[in-house]
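Comments concern the structure below.
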Amino acid sequence: MTEKILIIVGPEFEDIEFLYPYYRLIEERFKVEVATPKKEKVSGKHGYVIEPDYSLSEVKPEDYIGLIIPGGRGPERIRVYAREDAARIVRYFMDQNKPVAAICHGPQLLISADRVRGRRLTSYPGIADDIKAAGGEWIDEPVVVDNNLVTARIPNDIPYWMKEYIAILKKH
């Protein structure tokens with residue numbers, strides 16, 4: 001397992017949006033590492049606790065081939081506690097055309113990194129207006145692939161989201 005994937009999560013993340021990709025990517029023989037705003041344990045909305053490998057400030061994005069951003073309230077919390085570090089990481093992946101997967105409220109971090117303009121994506125419907133205001137085209141579909149970016153709306157979309165993301169990872 002030499003190729004590494006980074007998952008960035010904040011407090012009150014949507015548990016299944018972290019757990020499913022985490023274990024699915026391990027099955028595919030990727031090394032998965034986790035970063036949180038302060039390198040402290042964070043709890044999901046449904047009680048799952050994550051022990052991170054790094055704080056967002058410690059992350060060297062060049063060490064990874066892909067990025068995953070689960071939703072829930074995690075992205076909002078990351079914006080509060082580590083906005084600039086998260087934006088730096090997201091900008092790196094987007095600018096290097098490396099695979100990025102975001103679901104639910106995850107695209108909030110794409111907005112904070114100013115990497116939504118001109119992109120087609122989906123999200124939890126409650127942030128559709130935010131995506132449009134940031135210059136993105138919001139599509140109400142289970143999964144939307146725009147070059148290196150794979151987005152999904154809600155937990156029910158996860159299987160389609162991960163299928164497309166893994167396909168892109170295997171091409172890189």
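Naming works like this for the structure tokens: A, B, ... for the chains as they're shown, residue 1 at the start of each chain, ligands 1 onward in shown order.
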
In stretch 7-156 of chain A, DSSP helix (DSSP H, G or I) residues written as an MDAnalysis selection string: chainID A and resid 15:27 56:58 61:63 74:95 107:112 125:133 155:156

Compile the contact shell of A:Ser123 as an MDAnalysis selection string: residues with an atom at most 6 Å away, counting only C-alpha atoms, same-chain residues fewer than 5 positions apart removed. chainID A and resid 103:104 152:153

Per DSSP on the backbone, what are the strand (DSSP E or B) residues of stretch 15-109 of chain A, as a list in words?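 Strand (DSSP E or B) members of stretch 15-109 of chain A, listed: Lys31, Val32, Glu33, Val34, Ala35, Thr36, Val42, Ser43, Val49, Ile50, Tyr54, Ser55, Gly66, Leu67, Ile68, Ile69, Gly72, Val100, Ala101, Ala102 and Ile103 of chain A.
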
Residue neighbourhood A:Ala102, 8 Å, only C-alpha atoms, exclusion window fewer than 2 positions, as a PyMOL selection string: chain A and resi 68-71+100+104-107+123+149-152

May I have the residues within 10 Å of A:Glu58 as a ChimeraX atom specification, using only C-alpha atoms and disregarding those fewer than 4 positions away in the same chain? /A:35-39,53-54,85

Between atom CA of A:Ser57 and atom CA of A:Ile154, what distance in Å does the model show, to one decimal?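 Between atom CA of A:Ser57 and atom CA of A:Ile154 the gap works out to 28.1 Å.
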
For each of A:Asp114, A:Glu51, A:Glu27, A:Glu164, take the minimum atom-to-atom distance to A:Asp95, counting only C-alpha atoms, then give the residue where this is smallest.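 Smallest separation from A:Asp95 among the options: A:Asp114.
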
Between atom CA of A:Ser43 and atom CA of A:Leu19, what distance in Å does the model show, to one decimal? 12.3 Å

With distances taken over only C-alpha atoms, which residue among A:Val49, A:Ile111, A:Val144, A:Ala167 lies nearest A:Ile16?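 Using only C-alpha atoms, A:Ile16 sits closest to A:Val49.
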
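Atom CA of A:Glu137 is found 4.7 Å from atom CA of A:Arg120.
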
Counting only C-alpha atoms, which of A:Ile26, A:Val42, A:Ile158, A:Ala86 gets nearest to A:Ala113?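 Among the listed residues, A:Ala86 lies closest to A:Ala113.
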
Ranking A:Arg73, A:Lys31, A:Arg79, A:Lys163 by minimum distance to A:Pro142 and counting only C-alpha atoms, which one comes first?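 Counting only C-alpha atoms, the residue closest to A:Pro142 is A:Lys163.
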
Residue neighbourhood A:Ser112, 10 Å, only C-alpha atoms, exclusion window fewer than 5 positions, as JSON, numbers by chain: {"A": [75, 79, 83, 84, 86, 87, 88, 90, 91, 107, 134]}
